[in-house]
Structure formats: C-alpha cells, structure tokens
file structure_12.cif (mmCIF, C-alpha atoms and all ligand atoms)
data_coords
loop_
_atom_site.label_atom_id
_atom_site.label_comp_id
_atom_site.auth_asym_id
_atom_site.auth_seq_id
_atom_site.Cartn_x
_atom_site.Cartn_y
_atom_site.Cartn_z
CA MET A 205 27.87 120.07 63.02
CA ASN A 206 30.24 117.11 63.15
CA MET A 207 30.37 115.37 66.52
CA PHE A 208 34.17 115.27 66.57
CA SER A 209 34.33 119.06 66.85
CA GLN A 210 32.36 118.75 70.10
CA ALA A 211 34.89 116.39 71.69
CA GLU A 212 35.32 116.95 75.43
CA PHE A 213 37.68 115.14 77.76
CA ILE A 214 35.82 112.89 80.26
CA ALA A 215 38.25 110.65 82.09
CA SER A 216 41.74 109.23 82.24
CA VAL A 217 41.77 105.68 83.52
CA GLY A 218 44.70 103.63 84.74
CA LYS A 219 42.75 100.72 86.24
CA LEU A 220 39.95 98.57 84.86
CA SER A 221 37.94 99.26 88.01
CA GLU A 222 37.87 102.97 87.08
CA LEU A 223 36.37 102.61 83.59
CA PRO A 224 33.40 104.92 83.03
CA PRO A 225 30.07 103.08 82.92
CA GLU A 226 29.09 101.76 79.53
CA GLY A 227 26.34 103.51 77.65
CA MET A 228 27.44 105.22 74.49
CA PRO A 229 29.16 103.58 71.53
CA GLU A 230 32.93 103.89 71.76
CA LEU A 231 35.42 104.48 68.94
CA VAL A 232 38.81 103.18 69.96
CA PHE A 233 42.15 104.61 68.77
CA ALA A 234 45.29 102.54 69.11
CA GLY A 235 48.85 102.87 67.84
CA ARG A 236 52.55 102.77 68.64
CA SER A 237 53.83 105.69 70.66
CA ASN A 238 54.87 108.56 68.40
CA VAL A 239 52.92 107.23 65.44
CA GLY A 240 50.80 110.40 65.38
CA LYS A 241 47.74 109.20 67.31
CA SER A 242 47.30 112.38 69.37
CA SER A 243 47.80 114.51 66.27
CA ALA A 244 45.24 112.43 64.38
CA ILE A 245 42.65 112.78 67.16
CA ASN A 246 43.28 116.52 67.31
CA ALA A 247 42.96 116.78 63.51
CA LEU A 248 39.64 114.89 63.58
CA ALA A 249 38.36 117.16 66.34
CA GLY A 250 39.73 120.26 64.62
CA ARG A 251 41.58 121.18 67.82
CA ARG A 252 45.22 121.70 68.61
CA ARG A 253 45.70 120.23 72.05
CA LEU A 254 42.72 118.04 72.83
CA ALA A 255 44.50 114.70 72.90
CA PHE A 256 47.78 115.94 74.32
CA PHE A 257 46.46 115.25 77.79
CA SER A 258 47.68 111.70 77.16
CA LYS A 259 51.23 113.10 76.97
CA THR A 260 51.32 114.52 80.48
CA PRO A 261 53.71 112.70 82.80
CA GLY A 262 51.98 109.84 84.58
CA ARG A 263 49.23 109.71 81.92
CA THR A 264 51.03 107.91 79.13
CA GLN A 265 49.75 104.54 80.39
CA THR A 266 46.10 105.54 80.78
CA ILE A 267 43.04 105.07 78.61
CA ASN A 268 41.61 108.50 77.89
CA PHE A 269 37.90 108.96 77.20
CA TYR A 270 36.35 111.84 75.25
CA ASP A 271 32.66 112.60 74.88
CA LEU A 272 31.48 113.28 71.33
CA GLY A 273 28.43 115.52 71.52
CA GLY A 274 26.73 113.35 74.12
CA GLN A 275 26.20 110.65 71.49
CA ALA A 276 29.37 108.63 71.46
CA ARG A 277 32.84 108.44 72.93
CA LEU A 278 36.32 108.49 71.51
CA VAL A 279 38.70 106.27 73.44
CA ASP A 280 42.45 106.91 73.21
CA LEU A 281 44.40 103.80 74.24
CA PRO A 282 47.91 104.21 75.66
CA GLY A 283 50.58 104.02 72.97
CA TYR A 284 52.44 100.74 72.66
CA GLY A 285 55.83 99.65 71.42
CA TYR A 286 58.17 101.72 73.55
CA ALA A 287 61.56 100.13 73.06
CA ARG A 288 62.68 100.24 76.67
CA VAL A 289 59.78 99.74 79.04
CA PRO A 290 60.12 97.37 81.97
CA GLN A 291 58.26 94.08 81.75
CA SER A 292 56.00 95.21 84.62
CA VAL A 293 54.77 98.21 82.60
CA ARG A 294 54.13 95.99 79.60
CA ALA A 295 52.15 93.57 81.71
CA GLN A 296 50.13 96.47 83.11
CA TRP A 297 49.43 97.71 79.58
CA ASP A 298 48.30 94.22 78.50
CA ALA A 299 46.00 93.86 81.50
CA LEU A 300 44.44 97.31 81.10
CA VAL A 301 44.02 97.35 77.32
CA GLY A 302 43.22 93.65 77.00
CA GLY A 303 40.70 93.87 79.84
CA TYR A 304 39.05 96.90 78.28
CA LEU A 305 38.86 95.50 74.73
CA THR A 306 37.60 92.07 75.64
CA ASN A 307 34.89 93.11 78.12
CA ARG A 308 33.29 96.17 76.62
CA ASP A 309 29.87 95.90 75.01
CA SER A 310 29.98 99.55 73.90
CA LEU A 311 32.79 99.12 71.36
CA ALA A 312 31.69 100.46 67.99
CA GLY A 313 34.93 100.11 66.05
CA VAL A 314 38.70 100.29 66.24
CA VAL A 315 41.16 102.58 64.48
CA VAL A 316 44.73 101.28 64.45
CA ILE A 317 47.20 103.97 63.42
CA MET A 318 50.43 102.87 61.78
CA ASP A 319 53.27 104.86 60.29
CA ALA A 320 52.78 104.88 56.49
CA ARG A 321 56.54 104.33 56.12
CA HIS A 322 56.77 101.40 58.56
CA PRO A 323 53.37 99.75 58.97
CA PHE A 324 52.66 96.33 60.48
CA MET A 325 55.47 96.37 63.01
CA PRO A 326 55.40 93.48 65.53
CA HIS A 327 53.40 95.46 68.11
CA ASP A 328 50.90 96.52 65.44
CA LEU A 329 50.38 92.86 64.56
CA GLY A 330 49.90 92.11 68.25
CA MET A 331 47.21 94.78 68.41
CA LEU A 332 45.47 93.34 65.35
CA ARG A 333 45.51 89.90 66.95
CA TRP A 334 43.52 91.33 69.83
CA VAL A 335 41.16 93.29 67.63
CA ALA A 336 40.39 90.75 64.89
CA PRO A 337 38.35 88.32 67.04
CA LEU A 338 36.14 91.15 68.29
CA GLY A 339 34.45 91.26 64.87
CA LEU A 340 34.23 95.07 64.99
CA PRO A 341 34.64 97.53 62.15
CA LEU A 342 38.35 98.20 61.74
CA LEU A 343 40.24 101.03 60.09
CA VAL A 344 44.00 101.04 59.62
CA LEU A 345 45.19 104.63 59.26
CA LEU A 346 48.56 105.12 57.60
CA SER A 347 49.83 108.24 59.35
CA LYS A 348 52.45 110.77 58.23
CA ALA A 349 51.47 110.14 54.61
CA ASP A 350 52.85 113.61 53.84
CA LYS A 351 56.33 112.09 54.20
CA LEU A 352 55.73 109.94 51.11
CA SER A 353 55.60 110.97 47.46
CA ARG A 354 52.39 110.43 45.49
CA VAL A 355 53.77 107.26 43.96
CA GLU A 356 54.96 105.97 47.33
CA ARG A 357 51.58 106.75 48.90
CA LYS A 358 49.75 104.70 46.31
CA ALA A 359 52.14 101.80 46.76
CA ALA A 360 51.95 102.03 50.57
CA LEU A 361 48.17 101.92 50.48
CA ALA A 362 48.03 98.89 48.18
CA ALA A 363 50.70 97.04 50.18
CA ALA A 364 48.92 97.75 53.48
CA GLN A 365 45.61 96.49 52.11
CA GLN A 366 47.29 93.25 51.09
CA ARG A 367 49.16 92.99 54.36
CA LEU A 368 46.00 93.53 56.39
CA ALA A 369 44.23 90.76 54.49
CA LEU A 370 47.08 88.41 55.42
CA THR A 371 46.55 89.06 59.12
CA GLY A 372 43.02 87.68 58.93
CA ALA A 373 41.58 90.98 60.22
CA TYR A 374 38.93 92.53 58.00
CA GLY A 375 39.02 96.30 57.63
CA ASP A 376 39.68 99.41 55.59
CA VAL A 377 42.96 101.22 55.07
CA LEU A 378 43.28 104.98 54.53
CA LEU A 379 46.21 107.34 54.13
CA PHE A 380 46.31 110.11 56.70
CA SER A 381 48.25 113.27 57.41
CA SER A 382 47.60 115.56 60.33
CA PRO A 383 49.45 118.60 58.93
CA SER A 384 47.98 118.38 55.42
CA GLY A 385 44.53 117.19 56.50
CA GLU A 386 44.66 114.28 54.05
CA GLY A 387 42.13 111.67 55.05
CA VAL A 388 40.48 113.73 57.81
CA ASP A 389 37.08 114.05 56.12
CA GLN A 390 37.10 110.42 55.00
CA VAL A 391 37.90 109.17 58.48
CA ARG A 392 35.20 111.33 60.09
CA ALA A 393 32.65 110.08 57.57
CA MET A 394 33.64 106.44 58.11
CA LEU A 395 33.53 106.69 61.91
CA GLU A 396 30.16 108.43 61.77
CA ARG A 397 28.85 105.57 59.62
CA TRP A 398 30.06 103.07 62.22
CA LEU A 399 28.35 105.04 64.98
CA HIS A 400 25.08 105.34 63.11
CA ALA A 401 25.12 101.60 62.40
CA ARG A 402 25.83 100.92 66.04
CA LEU A 403 23.14 103.31 67.30
CA ALA A 404 20.63 101.86 64.84
CA ALA A 405 21.44 98.39 66.16
CA GLY A 406 20.75 99.57 69.74
CA ALA A 407 23.99 100.53 71.37
CA THR A 408 23.31 100.93 75.03
CA PRO A 409 23.32 98.18 77.62
CA ALA A 410 20.52 100.19 79.25
CA ALA A 411 18.37 99.35 76.23
CA GLY A 412 18.98 95.70 76.98
CA ASN A 413 21.05 95.02 73.93
CA LYS A 414 24.24 93.04 73.76
CA ARG A 415 26.66 93.81 70.98
CA PRO A 416 25.35 92.46 67.71
CA PRO A 417 27.84 90.68 65.47
CA VAL A 418 28.72 93.74 63.38
CA LYS A 419 30.91 92.86 60.42
CA GLY A 420 32.51 95.46 58.16
CA LYS A 421 30.78 98.85 58.02
P1 LIG B 501 51.47 109.86 69.44
O1 LIG B 501 52.55 109.52 70.43
O2 LIG B 501 51.08 108.67 68.63
O3 LIG B 501 50.28 110.53 70.07
O4 LIG B 501 52.11 110.86 68.39
P2 LIG B 501 52.01 112.45 68.23
O5 LIG B 501 50.68 112.85 67.69
O6 LIG B 501 52.47 113.11 69.48
O7 LIG B 501 53.10 112.68 67.09
C1 LIG B 501 54.45 112.30 67.25
C2 LIG B 501 55.31 113.17 66.36
O8 LIG B 501 54.98 112.97 65.00
C3 LIG B 501 55.12 114.67 66.61
O9 LIG B 501 56.37 115.29 66.46
C4 LIG B 501 54.15 115.10 65.53
O10 LIG B 501 54.30 116.45 65.19
C5 LIG B 501 54.55 114.19 64.40
N1 LIG B 501 53.39 113.88 63.53
C6 LIG B 501 52.20 113.39 63.92
N2 LIG B 501 51.38 113.19 62.87
C7 LIG B 501 52.07 113.57 61.77
C8 LIG B 501 51.79 113.59 60.36
O11 LIG B 501 50.68 113.22 59.90
N3 LIG B 501 52.78 114.03 59.53
C9 LIG B 501 53.99 114.44 60.00
N4 LIG B 501 54.90 114.84 59.11
N5 LIG B 501 54.30 114.43 61.32
C10 LIG B 501 53.37 114.00 62.19
#
call {"tool": "encode", "arguments": {"input": "structure_12.cif", "output": "structure tokens", "more": "lines below"}}
Ligand code: GDP
result
Amino acid sequence: MNMFSQAEFIASVGKLSELPPEGMPELVFAGRSNVGKSSAINALAGRRRLAFFSKTPGRTQTINFYDLGGQARLVDLPGYGYARVPQSVRAQWDALVGGYLTNRDSLAGVVVIMDARHPFMPHDLGMLRWVAPLGLPLLVLLSKADKLSRVERKAALAAAQQRLALTGAYGDVLLFSSPSGEGVDQVRAMLERWLHARLAAGATPAAGNKRPPVKGK
C-alpha cells in the first residue's frame, strides 16, 4: 500500500515554537496560493478533501503536517504570493517558513509547485533561493498541465528544466494535473525514493544522526 493513501492530519502550526518534534523524514510542499497545491496533495493521497484544511479561515498562514503511515510526514507550507497582503503578514510568513526550513534536520526533500502556464514567478524564485542552499532533493511540479496542449506541455517542460538550471538549484521537473492524474504515480514514486534514501541514511535525530549532505535523488 502506498504511504500517501494513509495520510492523516497531525497539526496546524502558526508559530515556530509549536512545531511538532522532529523524528520522521519530512516532505515539504510549497507554492503560490491557488497554484493547485492542495489539489496536488489530495491527488497524491487519493483523497478529496485532505489538504483543504489549509483553506479554512485563519489557517491559510499555517504550516500543516500530515503523517504518512507512521513512517514520514508531508508538510504543507502556507501559500505565498498573494497580491495584497500587508507587510506584517509577509514578514510573519518569512519568519515561520524561513525558520522552519533552515532549522529542520528532518527535511527529506522539497516539492515546489508552479503553474505550468506561468512558472518561475518572482515569489517562486524567492522560494528556490531559500531551498537551493539546503542541498535537498528538489522537485518542481508544473501544475494544471491539463490546460496545455501536448505540444505546449512538452515545450513547458523543456523550458522549465532550463530555467531551473539557471537558478542554480538542482532538481527534477514534472508535469502534473490533479483532475487528469498526470504525474501522480511518478511523483509518488520519486518522493518514496527520497524517503527511502533518507531512512537508509538514518533519518531520526533520536538515532543520533544529523542530516547527511544528500544531493539529487
Ligand atoms: P492551492 O491554493 O495552491 O492549494 O490551490 P487549490 O488546490 O485550491 O487549487 C486552486 C484552483 O485551481 C481550484 O479551483 C482548483 O480546482 C484548480 N486546480 C488545481 N489543480 C488543478 C489542475 O491540475 N488542473 C486544473 N485545470 N485546475 C486545477
């Protein structure tokens, strides 16, 4: 059974002091608001409303943690790039997400979701600037691929691979569509590979291991 289908909500965290204790490897999902992040998480889990908790009022600025079969966690970061948020909310987002990403030994990899039609927007590049120095496996998912023709999809994938290389971040790029299911199996397989690599390297702080310098997959 795939561990994503066993996803269970654990916690919704608005302050660094409330983060759940480290222990299991964590797969982080990031993306602009409305890019399709909740839909992608639901598609991976094979559920309709799992990740829509993050949409409830007052929860849009929280980091949401899901347990994956007691072996790993999926971590849904608050969406970024709202056009009209006050500076104070932006600063809060930076402190929460930046604090989480830069001080978490359990990180096993990062998935940055971008709209296949408009990838690498300024906030996406900002996210990649945070992620690149972590040296973690990285996957850029091009969401809403169903809105592109076959020819456009191929071009979008090639362009995004080139664009990612220019950012200095090393990672894979896949096309994804929640309604059609395109990319779902590939993403699950890739994330499971990351987790197995991480578990094999000794993931838990309890085991006395610090994060090894994982590069690529
Ligand atoms: P989030 O804010 O990033 O969590 O985005 P949501 O998952 O809530 O999706 C935002 C909107 O885009 C919703 O109306 C979804 O139905 C739609 N959407 C999400 N993923 C896809 C996709 O792969 N294809 C299409 N056509 N629409 C999508």
call {"tool": "closest_residue", "arguments": {"input": "structure_12.cif", "among": "A:Ala320, A:Val344, A:Ala234, A:Ala349", "to": "Val301 of chain A", "atoms": "all atoms listed in the file"}}
result
A:Ala234
call {"tool": "residues_near_ligand", "arguments": {"input": "structure_12.cif", "ligand": "ligand LIG 501 (chain B)", "cutoff": "12 Å", "atoms": "all atoms listed in the file", "output": "ChimeraX atom specification"}}
result
/A:233-248,252-260,263-265,268,280-286,316-321,345-352,379-388
call {"tool": "closest_residue", "arguments": {"input": "structure_12.cif", "among": "A:Ala249, A:Ile267, A:Leu272, A:Ala373", "to": "Ser216 of chain A", "atoms": "all atoms listed in the file"}}
result
A:Ile267
call {"tool": "atom_distance", "arguments": {"input": "structure_12.cif", "atom1": "atom CA of Ser221 of chain A", "atom2": "atom CA of Leu305 of chain A"}}
result
13.8 Å
call {"tool": "atom_distance", "arguments": {"input": "structure_12.cif", "atom1": "atom CA of Gly313 of chain A", "atom2": "atom CA of Pro341 of chain A"}}
result
4.7 Å
call {"tool": "closest_residue", "arguments": {"input": "structure_12.cif", "among": "A:Gly330, A:Pro323, A:Pro337, A:Pro224", "to": "Val377 of chain A", "atoms": "all atoms listed in the file"}}
result
A:Pro323
call {"tool": "closest_residue", "arguments": {"input": "structure_12.cif", "among": "A:Leu399, A:Val314, A:Ala287, A:Leu300", "to": "Met228 of chain A", "atoms": "all atoms listed in the file"}}
result
A:Leu399
call {"tool": "atom_distance", "arguments": {"input": "structure_12.cif", "atom1": "atom CA of Gln210 of chain A", "atom2": "atom CA of Trp297 of chain A"}}
result
28.7 Å
call {"tool": "closest_residue", "arguments": {"input": "structure_12.cif", "among": "A:Ala299, A:Ala369, A:Met325, A:Ala362", "to": "Lys219 of chain A", "atoms": "only C-alpha atoms"}}
result
A:Ala299
call {"tool": "closest_residue", "arguments": {"input": "structure_12.cif", "among": "A:Gly250, A:Gly375, A:Ala211, A:Asp309", "to": "Asp389 of chain A", "atoms": "all atoms listed in the file"}}
result
A:Gly250
call {"tool": "decode", "arguments": {"input": "structure_12.cif", "residues": "segment 319-332 of chain A", "atoms": "all heavy atoms", "output": "CSV table (one decimal), in the first residue's frame"}}
result
chain,number,residue,atom,x,y,z
A,319,ASP,N,2.6,27.0,-11.6
A,319,ASP,CA,1.6,26.8,-12.7
A,319,ASP,C,2.4,26.6,-14.0
A,319,ASP,O,3.3,27.4,-14.3
A,319,ASP,CB,0.8,28.2,-12.7
A,319,ASP,CG,-0.4,28.0,-13.6
A,319,ASP,OD1,-0.3,27.5,-14.8
A,319,ASP,OD2,-1.5,28.5,-13.2
A,320,ALA,N,2.0,25.5,-14.7
A,320,ALA,CA,2.7,25.2,-15.9
A,320,ALA,C,2.6,26.3,-16.9
A,320,ALA,O,3.5,26.4,-17.8
A,320,ALA,CB,2.0,23.9,-16.5
A,321,ARG,N,1.6,27.2,-16.8
A,321,ARG,CA,1.5,28.3,-17.8
A,321,ARG,C,2.3,29.5,-17.4
A,321,ARG,O,2.6,30.3,-18.3
A,321,ARG,CB,0.0,28.6,-17.9
A,321,ARG,CG,-0.9,27.5,-18.5
A,321,ARG,CD,-2.3,27.7,-18.1
A,321,ARG,NE,-2.6,27.8,-16.7
A,321,ARG,CZ,-3.7,28.2,-16.1
A,321,ARG,NH1,-4.8,28.5,-16.9
A,321,ARG,NH2,-3.9,28.2,-14.8
A,322,HIS,N,2.6,29.6,-16.1
A,322,HIS,CA,3.3,30.8,-15.6
A,322,HIS,C,4.3,30.4,-14.5
A,322,HIS,O,4.1,30.8,-13.4
A,322,HIS,CB,2.4,31.8,-15.0
A,322,HIS,CG,1.1,32.0,-15.7
A,322,HIS,ND1,1.0,32.7,-16.9
A,322,HIS,CD2,-0.2,31.6,-15.4
A,322,HIS,CE1,-0.3,32.7,-17.3
A,322,HIS,NE2,-1.0,32.0,-16.4
A,323,PRO,N,5.3,29.6,-14.9
A,323,PRO,CA,6.2,29.1,-13.8
A,323,PRO,C,7.3,30.2,-13.6
A,323,PRO,O,7.4,31.2,-14.3
A,323,PRO,CB,6.9,27.9,-14.5
A,323,PRO,CG,6.8,28.2,-15.9
A,323,PRO,CD,5.6,29.0,-16.2
A,324,PHE,N,8.0,30.0,-12.5
A,324,PHE,CA,9.1,30.9,-12.1
A,324,PHE,C,8.7,32.3,-12.0
A,324,PHE,O,9.4,33.2,-12.5
A,324,PHE,CB,10.3,30.7,-13.1
A,324,PHE,CG,10.8,29.3,-13.1
A,324,PHE,CD1,10.4,28.3,-14.0
A,324,PHE,CD2,11.8,28.9,-12.1
A,324,PHE,CE1,10.9,27.0,-14.0
A,324,PHE,CE2,12.2,27.6,-12.1
A,324,PHE,CZ,11.8,26.7,-13.0
A,325,MET,N,7.6,32.5,-11.3
A,325,MET,CA,7.2,33.9,-11.0
A,325,MET,C,8.2,34.4,-9.9
A,325,MET,O,8.8,33.6,-9.2
A,325,MET,CB,5.8,33.9,-10.5
A,325,MET,CG,4.8,33.4,-11.5
A,325,MET,SD,4.4,34.5,-12.8
A,325,MET,CE,3.1,35.5,-11.9
A,326,PRO,N,8.2,35.7,-9.6
A,326,PRO,CA,9.2,36.2,-8.6
A,326,PRO,C,9.1,35.5,-7.3
A,326,PRO,O,10.2,35.2,-6.7
A,326,PRO,CB,8.8,37.7,-8.5
A,326,PRO,CG,8.2,38.0,-9.8
A,326,PRO,CD,7.5,36.8,-10.3
A,327,HIS,N,7.9,35.2,-6.8
A,327,HIS,CA,7.9,34.5,-5.5
A,327,HIS,C,8.4,33.1,-5.5
A,327,HIS,O,8.9,32.5,-4.6
A,327,HIS,CB,6.4,34.5,-4.9
A,327,HIS,CG,6.0,35.9,-4.3
A,327,HIS,ND1,5.4,36.8,-5.1
A,327,HIS,CD2,6.2,36.4,-3.1
A,327,HIS,CE1,5.2,37.9,-4.3
A,327,HIS,NE2,5.7,37.6,-3.1
A,328,ASP,N,8.2,32.4,-6.7
A,328,ASP,CA,8.7,31.1,-6.9
A,328,ASP,C,10.3,31.1,-6.8
A,328,ASP,O,10.9,30.3,-6.2
A,328,ASP,CB,8.3,30.5,-8.3
A,328,ASP,CG,6.8,30.3,-8.4
A,328,ASP,OD1,6.2,30.0,-7.4
A,328,ASP,OD2,6.3,30.6,-9.5
A,329,LEU,N,10.8,32.2,-7.5
A,329,LEU,CA,12.3,32.3,-7.4
A,329,LEU,C,12.8,32.5,-6.0
A,329,LEU,O,13.8,32.0,-5.6
A,329,LEU,CB,12.7,33.4,-8.4
A,329,LEU,CG,12.4,33.1,-9.9
A,329,LEU,CD1,12.7,34.4,-10.7
A,329,LEU,CD2,13.3,32.0,-10.4
A,330,GLY,N,12.0,33.3,-5.3
A,330,GLY,CA,12.3,33.6,-3.9
A,330,GLY,C,12.4,32.3,-3.1
A,330,GLY,O,13.3,32.0,-2.3
A,331,MET,N,11.4,31.4,-3.3
A,331,MET,CA,11.3,30.1,-2.7
A,331,MET,C,12.5,29.3,-3.0
A,331,MET,O,13.1,28.7,-2.2
A,331,MET,CB,10.0,29.4,-3.1
A,331,MET,CG,9.7,28.2,-2.3
A,331,MET,SD,9.1,28.6,-0.7
A,331,MET,CE,9.8,27.3,0.3
A,332,LEU,N,12.9,29.3,-4.3
A,332,LEU,CA,14.0,28.5,-4.7
A,332,LEU,C,15.3,29.0,-4.1
A,332,LEU,O,16.2,28.2,-3.8
A,332,LEU,CB,14.1,28.5,-6.3
A,332,LEU,CG,13.0,27.7,-7.0
A,332,LEU,CD1,13.2,27.9,-8.5
A,332,LEU,CD2,13.0,26.2,-6.6
